[in-house]
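In what follows, a single structure is set out as structure tokens and then discussed.
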Amino acid sequence: MKKNKKNINPIWGTNFSKQTNPLLEKINSSIDFDKRLALHDIKASQVHCAMLKKKKIISLLEHKKIFRGLTKIKNLILKNRFKFNQKYEDIHMNIEMELHKLIGDTAGKLHTARSRNDQVATDLKLWISESIKDICASLETLQKNIVKKANLHVYTIMPGLTHLQSAQIVSFAHHLMAYYEMLKRDKKRFLNNLAGLNECPLGSAALAGTSFPIDRMFTAKNLGFKKPTSNSMDSVSDRDYALEFLSNIAICGSHLSRLSEDIVIWASDQFNYVSLSDDFSTGSSIMPQKKNPDSAELVRGKMGRFAGNFFSLLTTIKGLPLTYSKDLQEDKEPIFDSFDNLLLVLKVINGIINGLKINKNEMFNACKKGNLMATDLADWLVINYNMPFRKAYKITAKIVGLANKKTCQINELKIEDLNLIEKNLGENLKKFLKIENSINYKKSIGSTSPKEVKKSIQIAKKELY
Ligand code: ARG
């Protein structure tokens, strides 16, 4: 490579007479963020180089020089001593230029039978696959903590809500285990995503494939893929695996956001079901009495960027003609941002759950209001008096109406009052309407009954350990 007096790009600038405008340099340079692909890029280059040697496209000696050069660069990067240069646009050219500095013109042989287009798709697939493993590990840690907490609260009862209005009594464990299920599906979605990432784009070259007799299966296998991609044009164009990754993060983020919202509500003075530990709360600079659940609010708040990042890439890709266009360089920042923030919020929510103090008494006392056993009562009438449910509903509604009139709860009505509504109801009913019994009345699979909740905890433990 000749010294470039005019400071024109030494790799692609041969026929260019003017140096790059600083504005283009600024908008075109991705090195500040795609340096995160460095180790994957080197790994892919080393395998590519081994394949070129195997197919005798480069000599043994050339392979050795290139391979060693790349290893040196890897070590520089690992030791934080690599100087990334804006002028060389992206990670691929930064590494190639450094290799040239280290081993001279042999470096130019590495780019035989490949292009940055298949290189970047390969690096990204490798990076996302690795990141999915990190996310799944973090998801599991959170799931374990949720199960541990749930195990302690199978008999801790609280009002279950619909429309944010008191509905029926549930156990706190049941509420927590609902999130276990959501996270389990999140994990499954990420693992499915992984399955779609197992075809290797490298060897597709710029868009049309290459005239060199390369061994794409060798490259794919040695990079940990199952096989090569089937269409070179598709390989360099699409980022559906990245969209899937971003949508999986957004869906998982929505679950964490809802859990945070529950925690924010529970921690309010009006509910007071839980207290966040001090190390996950903040105070107010003006109101000395305050303890705010900022940690949970921030987890909830991250949902905005998770959704935004998914939409950002989806919008970038929509309408791009085949094959590669530089718009695709916009894929990386949303991906990195969503990944970093998901890992962060998974850890934060885990910390919140760990330190969460459960105010059992408040939860129990809240069950005494709102006639939460009205549905239990209607079911009981059907079972014990062989009534159609609609009739039982009406009788129950009358009982609730009477309690409202007397400004008391249904279980506080006198036996005589109940008997006025339906003969001989009173005595049996009074025994039935004990709030601590409500969860035991549930019989269905997946219900809040202690038997079912214990079963789901058992299953979860088997899945996790
Ligand atoms: N930095 C580019 C990207 O991230 C790499 C591919 C560049 N290809 C090209 N033909 N200019 O998309």
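Residue names in the structure tokens use chain letters A, B, ... in the order shown, residue numbers from 1 in each chain, and ligand numbers from 1 in the order shown.
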
- Item | Test item: residues at most 12 Å from Phe310 (chain A), only C-alpha atoms, excluding those fewer than 6 positions along its chain, as a ChimeraX atom specification | /A:239-251,253,303-304,316-317,330-339

Would you please give, as a CSV table (one decimal) with C-alpha atoms, in the first residue's frame, all residues of region 43-207 of chain A that DSSP assigns to helix (DSSP H, G or I) based on the backbone?
```
chain,number,residue,atom,x,y,z
A,43,LYS,CA,-12.3,-14.5,15.1
A,44,ALA,CA,-14.2,-14.5,11.7
A,45,SER,CA,-11.0,-13.3,10.0
A,46,GLN,CA,-8.9,-16.0,11.5
A,47,VAL,CA,-11.3,-18.7,10.4
A,48,HIS,CA,-11.6,-17.1,6.9
A,49,CYS,CA,-7.9,-17.1,6.7
A,50,ALA,CA,-7.7,-20.8,7.8
A,51,MET,CA,-10.2,-21.6,5.1
A,52,LEU,CA,-8.2,-19.8,2.4
A,53,LYS,CA,-5.2,-21.8,3.4
A,54,LYS,CA,-7.1,-25.1,3.4
A,60,LEU,CA,0.9,-21.7,4.5
A,61,LEU,CA,3.3,-18.9,5.1
A,62,GLU,CA,0.8,-16.2,4.3
A,63,HIS,CA,-1.7,-17.9,6.6
A,64,LYS,CA,0.8,-18.0,9.4
A,65,LYS,CA,1.7,-14.3,9.0
A,66,ILE,CA,-1.9,-13.2,8.8
A,67,PHE,CA,-3.1,-15.4,11.7
A,68,ARG,CA,-0.3,-14.2,14.0
A,69,GLY,CA,-0.9,-10.6,13.0
A,70,LEU,CA,-4.5,-10.9,13.9
A,71,THR,CA,-3.7,-12.5,17.2
A,72,LYS,CA,-1.4,-9.6,18.0
A,73,ILE,CA,-4.2,-7.2,17.2
A,74,LYS,CA,-6.6,-9.2,19.4
A,75,ASN,CA,-4.1,-8.9,22.3
A,76,LEU,CA,-3.7,-5.2,21.8
A,77,ILE,CA,-7.5,-4.8,21.9
A,78,LEU,CA,-7.8,-7.0,25.0
A,86,GLN,CA,-12.0,7.5,12.8
A,87,LYS,CA,-10.4,7.8,9.3
A,88,TYR,CA,-10.7,4.1,8.7
A,91,ILE,CA,-13.9,-2.0,12.7
A,92,HIS,CA,-13.2,-4.0,9.6
A,93,MET,CA,-10.9,-1.4,8.1
A,94,ASN,CA,-9.3,-0.5,11.4
A,95,ILE,CA,-8.2,-4.1,11.8
A,96,GLU,CA,-7.1,-4.5,8.2
A,97,MET,CA,-5.0,-1.3,8.4
A,98,GLU,CA,-3.4,-2.4,11.6
A,99,LEU,CA,-2.7,-5.8,10.1
A,100,HIS,CA,-1.0,-4.0,7.2
A,101,LYS,CA,1.1,-2.0,9.6
A,102,LEU,CA,2.2,-5.2,11.3
A,103,ILE,CA,2.8,-7.6,8.3
A,104,GLY,CA,2.9,-5.4,5.2
A,105,ASP,CA,1.2,-6.3,1.9
A,106,THR,CA,0.4,-9.9,2.8
A,107,ALA,CA,-2.4,-8.3,4.9
A,108,GLY,CA,-4.2,-7.5,1.6
A,109,LYS,CA,-4.7,-11.2,1.0
A,110,LEU,CA,-7.1,-11.6,3.9
A,111,HIS,CA,-9.8,-9.8,2.0
A,116,ARG,CA,-17.3,-6.0,4.4
A,117,ASN,CA,-20.9,-6.7,3.6
A,118,ASP,CA,-20.7,-10.4,4.6
A,119,GLN,CA,-18.1,-9.6,7.2
A,120,VAL,CA,-20.4,-7.3,9.2
A,121,ALA,CA,-23.4,-9.6,8.9
A,122,THR,CA,-21.3,-12.4,10.3
A,123,ASP,CA,-19.8,-10.3,13.1
A,124,LEU,CA,-23.3,-9.1,14.1
A,125,LYS,CA,-24.7,-12.6,14.1
A,126,LEU,CA,-21.9,-13.8,16.3
A,127,TRP,CA,-22.3,-10.9,18.7
A,128,ILE,CA,-26.1,-11.3,19.0
A,129,SER,CA,-25.7,-15.0,19.6
A,130,GLU,CA,-23.3,-14.4,22.5
A,131,SER,CA,-25.5,-11.6,23.9
A,132,ILE,CA,-28.5,-13.9,23.9
A,133,LYS,CA,-26.5,-16.3,26.2
A,134,ASP,CA,-25.8,-13.4,28.6
A,135,ILE,CA,-29.4,-12.3,28.6
A,136,CYS,CA,-30.7,-15.9,29.3
A,137,ALA,CA,-28.2,-16.2,32.2
A,138,SER,CA,-29.5,-13.0,33.7
A,139,LEU,CA,-33.1,-14.0,33.1
A,140,GLU,CA,-32.5,-17.2,35.0
A,141,THR,CA,-31.0,-15.4,38.0
A,142,LEU,CA,-34.1,-13.3,38.2
A,143,GLN,CA,-36.4,-16.3,37.8
A,144,LYS,CA,-34.6,-18.0,40.6
A,145,ASN,CA,-35.1,-15.0,42.9
A,146,ILE,CA,-38.7,-14.7,42.0
A,147,VAL,CA,-39.3,-18.4,42.8
A,148,LYS,CA,-37.4,-18.1,46.1
A,149,LYS,CA,-39.6,-15.2,47.2
A,150,ALA,CA,-42.8,-16.9,45.9
A,151,ASN,CA,-41.9,-20.0,48.0
A,152,LEU,CA,-42.2,-17.8,51.2
A,172,PHE,CA,-48.6,-13.0,46.7
A,173,ALA,CA,-46.7,-16.1,45.5
A,174,HIS,CA,-49.3,-16.5,42.7
A,175,HIS,CA,-48.8,-12.9,41.6
A,176,LEU,CA,-45.0,-13.3,41.6
A,177,MET,CA,-45.2,-16.6,39.7
A,178,ALA,CA,-47.1,-14.9,36.9
A,179,TYR,CA,-43.9,-13.0,36.2
A,180,TYR,CA,-42.0,-16.3,36.3
A,181,GLU,CA,-44.1,-17.5,33.5
A,182,MET,CA,-43.6,-14.4,31.4
A,183,LEU,CA,-39.8,-14.5,31.9
A,184,LYS,CA,-39.9,-18.2,30.9
A,185,ARG,CA,-41.5,-17.3,27.6
A,186,ASP,CA,-39.1,-14.5,27.2
A,187,LYS,CA,-36.2,-16.9,27.5
A,188,LYS,CA,-37.8,-19.2,25.0
A,189,ARG,CA,-38.2,-16.4,22.5
A,190,PHE,CA,-34.5,-15.6,22.9
A,191,LEU,CA,-33.6,-19.2,22.4
A,192,ASN,CA,-35.7,-19.3,19.2
A,193,ASN,CA,-33.9,-16.3,18.1
A,194,LEU,CA,-30.7,-18.1,18.5
A,195,ALA,CA,-31.9,-20.9,16.3
```

- Query: For the atom pair CA of Cys367 (chain A) and CA of Glu412 (chain A), what is the interatomic distance in Å to one decimal place?
  - Reply: 13.6 Å

- Task: Could you please extract the residues within 7 Å of ligand 1, counting only C-alpha atoms and all ligand atoms, and hand them back as a ChimeraX atom specification?
- Result: /A:30,89-90,116-117,120,324,326,328-329

- Item | Those in region 127-367 of chain A with strand (DSSP E or B) from DSSP, as a ChimeraX atom specification | /A:157-162,165-171,199-200,227-228,274-275,282,292,357-358

Just-selected residues, N, CA, C and O atoms written as a compact mmCIF listing (two decimals), in the first residue's frame:
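Okay, this is what ended up in out_28.txt:
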```
# COMPACT_ATOMS: atom_id res chain seq x y z
N ILE A 157 -51.87 -13.60 51.59
CA ILE A 157 -52.95 -13.22 50.68
C ILE A 157 -53.02 -11.71 50.46
O ILE A 157 -52.62 -10.92 51.32
N MET A 158 -53.51 -11.36 49.30
CA MET A 158 -53.61 -9.95 48.91
C MET A 158 -54.77 -9.80 47.93
O MET A 158 -55.19 -10.79 47.32
N PRO A 159 -55.26 -8.58 47.76
CA PRO A 159 -56.31 -8.41 46.74
C PRO A 159 -55.71 -8.54 45.35
O PRO A 159 -54.70 -7.92 45.04
N GLY A 160 -56.30 -9.39 44.54
CA GLY A 160 -55.94 -9.42 43.12
C GLY A 160 -56.82 -8.40 42.40
O GLY A 160 -57.98 -8.22 42.79
N LEU A 161 -56.26 -7.73 41.41
CA LEU A 161 -56.98 -6.62 40.80
C LEU A 161 -57.33 -6.90 39.33
O LEU A 161 -56.58 -7.59 38.63
N THR A 162 -58.45 -6.35 38.89
CA THR A 162 -58.66 -6.15 37.45
C THR A 162 -59.07 -4.69 37.34
O THR A 162 -59.71 -4.16 38.26
N GLN A 165 -58.95 -2.32 40.13
CA GLN A 165 -59.97 -2.35 41.19
C GLN A 165 -59.87 -3.71 41.87
O GLN A 165 -59.63 -4.73 41.20
N SER A 166 -60.14 -3.73 43.17
CA SER A 166 -60.11 -4.99 43.91
C SER A 166 -61.03 -5.99 43.25
O SER A 166 -62.17 -5.67 42.93
N ALA A 167 -60.53 -7.22 43.07
CA ALA A 167 -61.34 -8.22 42.36
C ALA A 167 -61.53 -9.48 43.20
O ALA A 167 -62.63 -9.72 43.70
N GLN A 168 -60.46 -10.26 43.37
CA GLN A 168 -60.56 -11.48 44.17
C GLN A 168 -59.26 -11.67 44.95
O GLN A 168 -58.22 -11.12 44.58
N ILE A 169 -59.33 -12.50 45.96
CA ILE A 169 -58.15 -12.73 46.78
C ILE A 169 -57.19 -13.69 46.06
O ILE A 169 -57.61 -14.71 45.52
N VAL A 170 -55.93 -13.34 46.05
CA VAL A 170 -54.89 -14.22 45.48
C VAL A 170 -53.73 -14.29 46.47
O VAL A 170 -53.68 -13.51 47.42
N SER A 171 -52.82 -15.20 46.22
CA SER A 171 -51.64 -15.20 47.09
C SER A 171 -50.55 -14.37 46.41
O SER A 171 -50.51 -14.26 45.18
N GLU A 199 -26.99 -19.65 10.69
CA GLU A 199 -26.45 -19.78 9.34
C GLU A 199 -25.42 -18.68 9.08
O GLU A 199 -25.66 -17.51 9.37
N CYS A 200 -24.30 -19.07 8.55
CA CYS A 200 -23.15 -18.15 8.43
C CYS A 200 -23.16 -17.38 7.09
O CYS A 200 -23.11 -18.00 6.02
N LYS A 227 -24.53 -24.08 9.46
CA LYS A 227 -24.24 -24.21 8.02
C LYS A 227 -24.15 -22.81 7.40
O LYS A 227 -24.49 -21.83 8.05
N PRO A 228 -23.75 -22.74 6.13
CA PRO A 228 -23.71 -21.43 5.47
C PRO A 228 -25.12 -20.97 5.10
O PRO A 228 -26.01 -21.81 4.95
N VAL A 274 -45.53 -3.29 50.14
CA VAL A 274 -44.11 -3.63 50.16
C VAL A 274 -43.29 -2.39 50.49
O VAL A 274 -43.78 -1.26 50.33
N SER A 275 -42.06 -2.61 50.97
CA SER A 275 -41.12 -1.49 51.10
C SER A 275 -39.86 -1.87 50.36
O SER A 275 -39.36 -3.00 50.49
N THR A 282 -34.60 6.30 46.53
CA THR A 282 -33.96 7.62 46.64
C THR A 282 -34.84 8.50 47.50
O THR A 282 -36.01 8.20 47.76
N ASN A 292 -38.52 7.29 47.57
CA ASN A 292 -39.10 7.06 46.24
C ASN A 292 -38.56 5.79 45.57
O ASN A 292 -37.37 5.50 45.68
N LYS A 357 -39.24 -5.78 51.12
CA LYS A 357 -39.88 -6.22 52.37
C LYS A 357 -41.37 -6.33 52.11
O LYS A 357 -41.99 -5.41 51.59
N ILE A 358 -41.93 -7.48 52.45
CA ILE A 358 -43.35 -7.71 52.17
C ILE A 358 -44.16 -7.43 53.43
O ILE A 358 -43.92 -8.03 54.47
```

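If you look at CA of Met373 (chain A) and CA of Leu433 (chain A), they are 6.9 Å away from each other.
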
- As a check of understanding: the span from CA of Asp238 (chain A) to CA of Leu320 (chain A) is 9.6 Å

- Query: If we count only C-alpha atoms, what is near Ser295 (chain A) at a cut-off of 9 Å, once residues fewer than 4 positions away on the same chain are taken out, given as a PyMOL selection string?
  - Reply: chain A and resi 260+280-282+299-300+345+348-349+352

Quick one: write out the picked residues with all heavy atoms as a CSV table (one decimal), in the first residue's frame?
```
chain,number,residue,atom,x,y,z
A,260,SER,N,-42.4,-3.6,37.4
A,260,SER,CA,-42.0,-2.4,38.1
A,260,SER,C,-43.2,-1.5,38.5
A,260,SER,O,-43.3,-1.0,39.6
A,260,SER,CB,-41.1,-1.5,37.2
A,260,SER,OG,-40.0,-2.2,36.8
A,280,PHE,N,-32.1,0.6,47.1
A,280,PHE,CA,-32.8,0.8,45.8
A,280,PHE,C,-33.9,1.9,45.8
A,280,PHE,O,-34.8,1.8,45.0
A,280,PHE,CB,-33.4,-0.6,45.3
A,280,PHE,CG,-32.3,-1.5,44.7
A,280,PHE,CD1,-31.6,-2.4,45.5
A,280,PHE,CD2,-32.0,-1.4,43.4
A,280,PHE,CE1,-30.6,-3.2,44.9
A,280,PHE,CE2,-31.0,-2.2,42.8
A,280,PHE,CZ,-30.3,-3.1,43.6
A,281,SER,N,-33.7,2.8,46.7
A,281,SER,CA,-34.7,3.9,46.8
A,281,SER,C,-33.9,5.2,46.8
A,281,SER,O,-32.7,5.3,47.1
A,281,SER,CB,-35.5,3.8,48.1
A,281,SER,OG,-36.0,2.6,48.3
A,282,THR,N,-34.6,6.3,46.5
A,282,THR,CA,-34.0,7.6,46.6
A,282,THR,C,-34.8,8.5,47.5
A,282,THR,O,-36.0,8.2,47.8
A,282,THR,CB,-33.8,8.3,45.3
A,282,THR,OG1,-35.1,8.4,44.7
A,282,THR,CG2,-33.0,7.5,44.3
A,299,VAL,N,-36.6,1.3,35.6
A,299,VAL,CA,-36.8,0.0,34.8
A,299,VAL,C,-38.1,0.2,33.9
A,299,VAL,O,-38.0,-0.1,32.7
A,299,VAL,CB,-37.0,-1.2,35.7
A,299,VAL,CG1,-37.4,-2.4,34.9
A,299,VAL,CG2,-35.8,-1.4,36.6
A,300,ARG,N,-39.1,0.7,34.5
A,300,ARG,CA,-40.3,1.0,33.7
A,300,ARG,C,-40.0,2.0,32.5
A,300,ARG,O,-40.5,1.8,31.4
A,300,ARG,CB,-41.4,1.6,34.6
A,300,ARG,CG,-42.8,1.7,34.1
A,300,ARG,CD,-43.8,2.2,35.1
A,300,ARG,NE,-43.3,3.5,35.7
A,300,ARG,CZ,-43.9,4.1,36.7
A,300,ARG,NH1,-44.9,3.6,37.4
A,300,ARG,NH2,-43.5,5.3,37.1
A,345,VAL,N,-31.4,-3.5,33.5
A,345,VAL,CA,-32.7,-3.5,34.2
A,345,VAL,C,-32.9,-4.9,34.8
A,345,VAL,O,-33.5,-5.0,35.8
A,345,VAL,CB,-33.9,-3.1,33.3
A,345,VAL,CG1,-33.8,-1.6,32.9
A,345,VAL,CG2,-34.1,-3.9,32.1
A,348,VAL,N,-31.1,-4.7,38.0
A,348,VAL,CA,-31.8,-3.8,38.9
A,348,VAL,C,-33.0,-4.4,39.5
A,348,VAL,O,-33.3,-4.4,40.7
A,348,VAL,CB,-32.1,-2.4,38.2
A,348,VAL,CG1,-33.0,-1.6,39.1
A,348,VAL,CG2,-30.8,-1.7,37.9
A,349,ILE,N,-33.9,-5.0,38.6
A,349,ILE,CA,-35.1,-5.6,39.1
A,349,ILE,C,-34.8,-6.8,40.1
A,349,ILE,O,-35.5,-7.0,41.1
A,349,ILE,CB,-36.0,-6.0,38.0
A,349,ILE,CG1,-37.5,-6.0,38.4
A,349,ILE,CG2,-35.8,-7.4,37.5
A,349,ILE,CD1,-38.2,-4.7,38.2
A,352,ILE,N,-34.0,-5.2,43.3
A,352,ILE,CA,-35.2,-4.8,44.0
A,352,ILE,C,-36.0,-5.9,44.7
A,352,ILE,O,-36.3,-5.9,45.8
A,352,ILE,CB,-36.2,-4.1,43.0
A,352,ILE,CG1,-35.5,-2.8,42.4
A,352,ILE,CG2,-37.5,-3.7,43.6
A,352,ILE,CD1,-36.3,-2.1,41.3
```

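Counting only C-alpha atoms, the residue from A:Gly203, A:Gly209, A:Gly224, A:Gly370 that sits nearest to Ala403 (chain A) is A:Gly370.
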
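Closest approach to Asn198 (chain A) among A:Val453, A:Ile214, A:Ile435, A:Leu223: A:Leu223, based on only C-alpha atoms.
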